[in-house]
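A short write-up of the structure that comes next.
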Amino acid sequence: MTANWAAFAAAEPDLAGTVEKRFGAFTHHILATLRKDGSPRTSGLEVRFLSGELWLGMMPDSLKALDLRRDPRFALQANPGAGTGMGGGDVRISGRAIEVDDMETKAGYVEEVEPPEPFHLFRTELTEVVRTYIEDDTYLVVQVWTPGTPLRTIKRT
């Protein structure tokens, strides 16, 4: 089961707001894709939350774009920033990236983001969103959301 960003935000607005804020704190994040041989590839990436979707834009024929065309599964981790503070916690999103070829959709993205052209554009279908943070200097808290299930919160000492 998958969901787009709008469905996640409707189901868990507080977590969605925290995740957007963490991704908004820095420009570059880490995308993990799968190579032809199935081994992982990590790459830097900018992301955008627009019109109820999480968008991934990429240079033409970049290895990460070619990976996603072959196997759409991805994991995306927000840049933790400098030091060890990680205000707002560590956030990760997993799912499938679907390439968008529709010219009208791409034109709307260009109008908002002004990326260098040409480019690949992928919309995402989420399979999991995870936030990990420290609470009261005592607990490690892990929040896990998957489509169709309530948010799970795990606390460890």
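Identifiers in this document derive from the order of the structure tokens: chains are assigned A, B, ..., residues are numbered from 1 separately in each chain, and ligands are numbered from 1 in order of occurrence.
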inquiry  = as JSON, numbers by chain, please: every residue in segment 9-131 of chain A that a backbone DSSP assignment puts in alpha helix (DSSP H).
reply    = {"A": [9, 10, 11, 13, 14, 15, 16, 17, 18, 19, 20, 21, 22, 23, 24, 63, 64, 65, 66, 67, 68, 69, 70, 103, 104, 105, 106, 107, 108, 109, 110, 111, 112, 113]}
Within 9 Å of segment 51-62 of chain A, which residues of segment 72-133 of chain A show up? Give each one with its shortest atom-to-atom distance in Å (one decimal) and the two atoms involved, counting only C-alpha atoms, rows by chain then rising residue number, as a Markdown table.
| residue | atom | partner | partner_atom | distance |
| --- | --- | --- | --- | --- |
| A:Ala97 | CA | A:Leu56 | CA | 8.0 |
| A:Tyr109 | CA | A:Trp55 | CA | 8.9 |
| A:Pro115 | CA | A:Gly57 | CA | 8.0 |
| A:Pro116 | CA | A:Met59 | CA | 8.0 |
| A:Glu117 | CA | A:Met59 | CA | 8.0 |
| A:Pro118 | CA | A:Pro60 | CA | 6.3 |
| A:Phe119 | CA | A:Met59 | CA | 4.9 |
| A:His120 | CA | A:Met58 | CA | 5.0 |
| A:Leu121 | CA | A:Gly57 | CA | 4.6 |
| A:Phe122 | CA | A:Leu56 | CA | 5.1 |
| A:Arg123 | CA | A:Trp55 | CA | 4.8 |
| A:Thr124 | CA | A:Leu54 | CA | 5.8 |
| A:Glu125 | CA | A:Leu54 | CA | 8.4 |
Show me, as a Markdown table, the residues of segment 65-142 of chain A having an atom within 12 Å of segment 10-18 of chain A, each with the closest atom pair and its distance in Å, using only C-alpha atoms.
| residue | atom | partner | partner_atom | distance |
| --- | --- | --- | --- | --- |
| A:Ala78 | CA | A:Thr18 | CA | 11.3 |
| A:Gly87 | CA | A:Thr18 | CA | 10.2 |
| A:Gly88 | CA | A:Thr18 | CA | 6.8 |
| A:Gly89 | CA | A:Thr18 | CA | 8.8 |
| A:Asp90 | CA | A:Thr18 | CA | 10.2 |
| A:Val91 | CA | A:Thr18 | CA | 8.7 |
| A:Arg92 | CA | A:Ala16 | CA | 11.5 |
| A:Ile93 | CA | A:Ala16 | CA | 10.8 |
| A:Glu128 | CA | A:Ala16 | CA | 11.9 |
| A:Val129 | CA | A:Ala16 | CA | 8.9 |
| A:Val130 | CA | A:Leu15 | CA | 9.1 |
| A:Arg131 | CA | A:Leu15 | CA | 8.1 |
| A:Thr132 | CA | A:Leu15 | CA | 11.2 |
| A:Tyr133 | CA | A:Thr18 | CA | 11.4 |
| A:Val142 | CA | A:Leu15 | CA | 11.6 |
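The neighbours of Thr153 of chain A here are the residues that come within 7 Å of it, using only C-alpha atoms and leaving out any residue fewer than 5 positions away in the same chain; they are Val141, Val142, Gln143 and Val144 of chain A.
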inquiry  = Taking 6 positions as the minimum chain separation for residues in the same chain, which residues sit within 7 Å of Leu34 of chain A when counting only C-alpha atoms? Answer as number ranges by chain.
reply    = A: 40-41, 67, 71
key: Residue contacts of Thr27 of chain A (12 Å, only C-alpha atoms) excluding same-chain residues fewer than 6 positions away, as a list of chain:residue names   =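 In the requested format, the answer is A:Glu20, A:Lys21, A:Gly44, A:Leu45, A:Glu46, A:Val47, A:Arg48, A:Ala78, A:Asn79, A:Pro80, A:Gly81.
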Go ahead and save the residues from that selection, with N, CA, C and O atoms, as a PDB file, in the first residue's frame.
ATOM      1  N   GLU A  20       8.396  18.027   7.035  1.00  0.00           N
ATOM      2  CA  GLU A  20       8.615  19.125   6.080  1.00  0.00           C
ATOM      3  C   GLU A  20       9.589  20.154   6.641  1.00  0.00           C
ATOM      4  O   GLU A  20      10.458  20.663   5.925  1.00  0.00           O
ATOM      5  N   LYS A  21       9.459  20.456   7.918  1.00  0.00           N
ATOM      6  CA  LYS A  21      10.355  21.424   8.552  1.00  0.00           C
ATOM      7  C   LYS A  21      11.794  20.913   8.543  1.00  0.00           C
ATOM      8  O   LYS A  21      12.727  21.669   8.260  1.00  0.00           O
ATOM      9  N   GLY A  44      23.306  12.865  -3.355  1.00  0.00           N
ATOM     10  CA  GLY A  44      22.720  14.096  -2.855  1.00  0.00           C
ATOM     11  C   GLY A  44      21.525  14.481  -3.705  1.00  0.00           C
ATOM     12  O   GLY A  44      21.452  14.157  -4.888  1.00  0.00           O
ATOM     13  N   LEU A  45      20.561  15.180  -3.094  1.00  0.00           N
ATOM     14  CA  LEU A  45      19.340  15.522  -3.810  1.00  0.00           C
ATOM     15  C   LEU A  45      18.625  16.669  -3.112  1.00  0.00           C
ATOM     16  O   LEU A  45      18.642  16.763  -1.879  1.00  0.00           O
ATOM     17  N   GLU A  46      17.971  17.517  -3.905  1.00  0.00           N
ATOM     18  CA  GLU A  46      17.052  18.515  -3.377  1.00  0.00           C
ATOM     19  C   GLU A  46      15.637  17.980  -3.553  1.00  0.00           C
ATOM     20  O   GLU A  46      15.358  17.281  -4.527  1.00  0.00           O
ATOM     21  N   VAL A  47      14.759  18.270  -2.608  1.00  0.00           N
ATOM     22  CA  VAL A  47      13.373  17.800  -2.682  1.00  0.00           C
ATOM     23  C   VAL A  47      12.431  18.993  -2.570  1.00  0.00           C
ATOM     24  O   VAL A  47      12.819  20.050  -2.061  1.00  0.00           O
ATOM     25  N   ARG A  48      11.204  18.815  -3.033  1.00  0.00           N
ATOM     26  CA  ARG A  48      10.190  19.862  -2.933  1.00  0.00           C
ATOM     27  C   ARG A  48       8.864  19.245  -2.522  1.00  0.00           C
ATOM     28  O   ARG A  48       8.472  18.186  -3.012  1.00  0.00           O
ATOM     29  N   ALA A  78      16.634  13.131   5.530  1.00  0.00           N
ATOM     30  CA  ALA A  78      16.866  14.564   5.662  1.00  0.00           C
ATOM     31  C   ALA A  78      18.283  14.819   6.156  1.00  0.00           C
ATOM     32  O   ALA A  78      18.806  14.081   6.997  1.00  0.00           O
ATOM     33  N   ASN A  79      18.888  15.865   5.645  1.00  0.00           N
ATOM     34  CA  ASN A  79      20.210  16.302   6.079  1.00  0.00           C
ATOM     35  C   ASN A  79      20.148  16.596   7.584  1.00  0.00           C
ATOM     36  O   ASN A  79      19.329  17.397   8.020  1.00  0.00           O
ATOM     37  N   PRO A  80      20.998  15.944   8.383  1.00  0.00           N
ATOM     38  CA  PRO A  80      20.932  16.161   9.826  1.00  0.00           C
ATOM     39  C   PRO A  80      21.527  17.497  10.263  1.00  0.00           C
ATOM     40  O   PRO A  80      21.315  17.926  11.383  1.00  0.00           O
ATOM     41  N   GLY A  81      22.286  18.147   9.398  1.00  0.00           N
ATOM     42  CA  GLY A  81      22.899  19.417   9.754  1.00  0.00           C
ATOM     43  C   GLY A  81      24.203  19.233  10.491  1.00  0.00           C
ATOM     44  O   GLY A  81      24.673  18.117  10.697  1.00  0.00           O
TER      45      GLY A  81
END
inquiry  = Need to verify the contact set: Leu68 of chain A, 10 Å, only C-alpha atoms, exclusion of same-chain residues closer than 5 positions in sequence. Can you return it as a list in words?
reply    =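 Counting only the stated atoms, we get Ala32, Thr33, Leu34, Arg35, Leu63, Arg73, Phe74, Arg96, Ala97, Ile98, Glu99 and Phe122 of chain A.
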Would you save the residues from that selection as a short mmCIF file (atom, residue, chain, number, x, y, z; two decimals), in the first residue's frame, using N, CA and C atoms?
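And here is the file that came out, part.cif:
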data_model
loop_
_atom_site.label_atom_id
_atom_site.label_comp_id
_atom_site.auth_asym_id
_atom_site.auth_seq_id
_atom_site.Cartn_x
_atom_site.Cartn_y
_atom_site.Cartn_z
N ALA A 32 18.71 7.25 -1.43
CA ALA A 32 19.24 5.91 -1.68
C ALA A 32 18.39 5.25 -2.76
N THR A 33 19.07 4.71 -3.77
CA THR A 33 18.42 3.99 -4.86
C THR A 33 19.11 2.64 -4.99
N LEU A 34 18.63 1.82 -5.92
CA LEU A 34 19.23 0.51 -6.14
C LEU A 34 19.89 0.46 -7.52
N ARG A 35 21.16 0.04 -7.54
CA ARG A 35 21.90 -0.12 -8.80
C ARG A 35 21.38 -1.36 -9.54
N LEU A 63 22.70 8.99 -12.66
CA LEU A 63 22.62 7.58 -12.25
C LEU A 63 21.43 7.32 -11.35
N ARG A 73 12.01 1.89 -6.19
CA ARG A 73 12.13 1.96 -4.73
C ARG A 73 13.22 2.94 -4.32
N PHE A 74 12.93 3.71 -3.26
CA PHE A 74 13.91 4.68 -2.77
C PHE A 74 13.79 4.82 -1.26
N ARG A 96 8.16 4.66 -3.47
CA ARG A 96 8.39 4.42 -4.89
C ARG A 96 8.36 5.78 -5.60
N ALA A 97 9.26 5.96 -6.54
CA ALA A 97 9.34 7.21 -7.32
C ALA A 97 8.80 6.92 -8.72
N ILE A 98 7.81 7.70 -9.13
CA ILE A 98 7.17 7.51 -10.42
C ILE A 98 7.53 8.69 -11.32
N GLU A 99 8.18 8.41 -12.44
CA GLU A 99 8.61 9.49 -13.33
C GLU A 99 7.40 10.17 -13.96
N PHE A 122 10.20 13.18 -10.67
CA PHE A 122 9.53 12.01 -10.09
C PHE A 122 8.60 12.49 -8.98
#
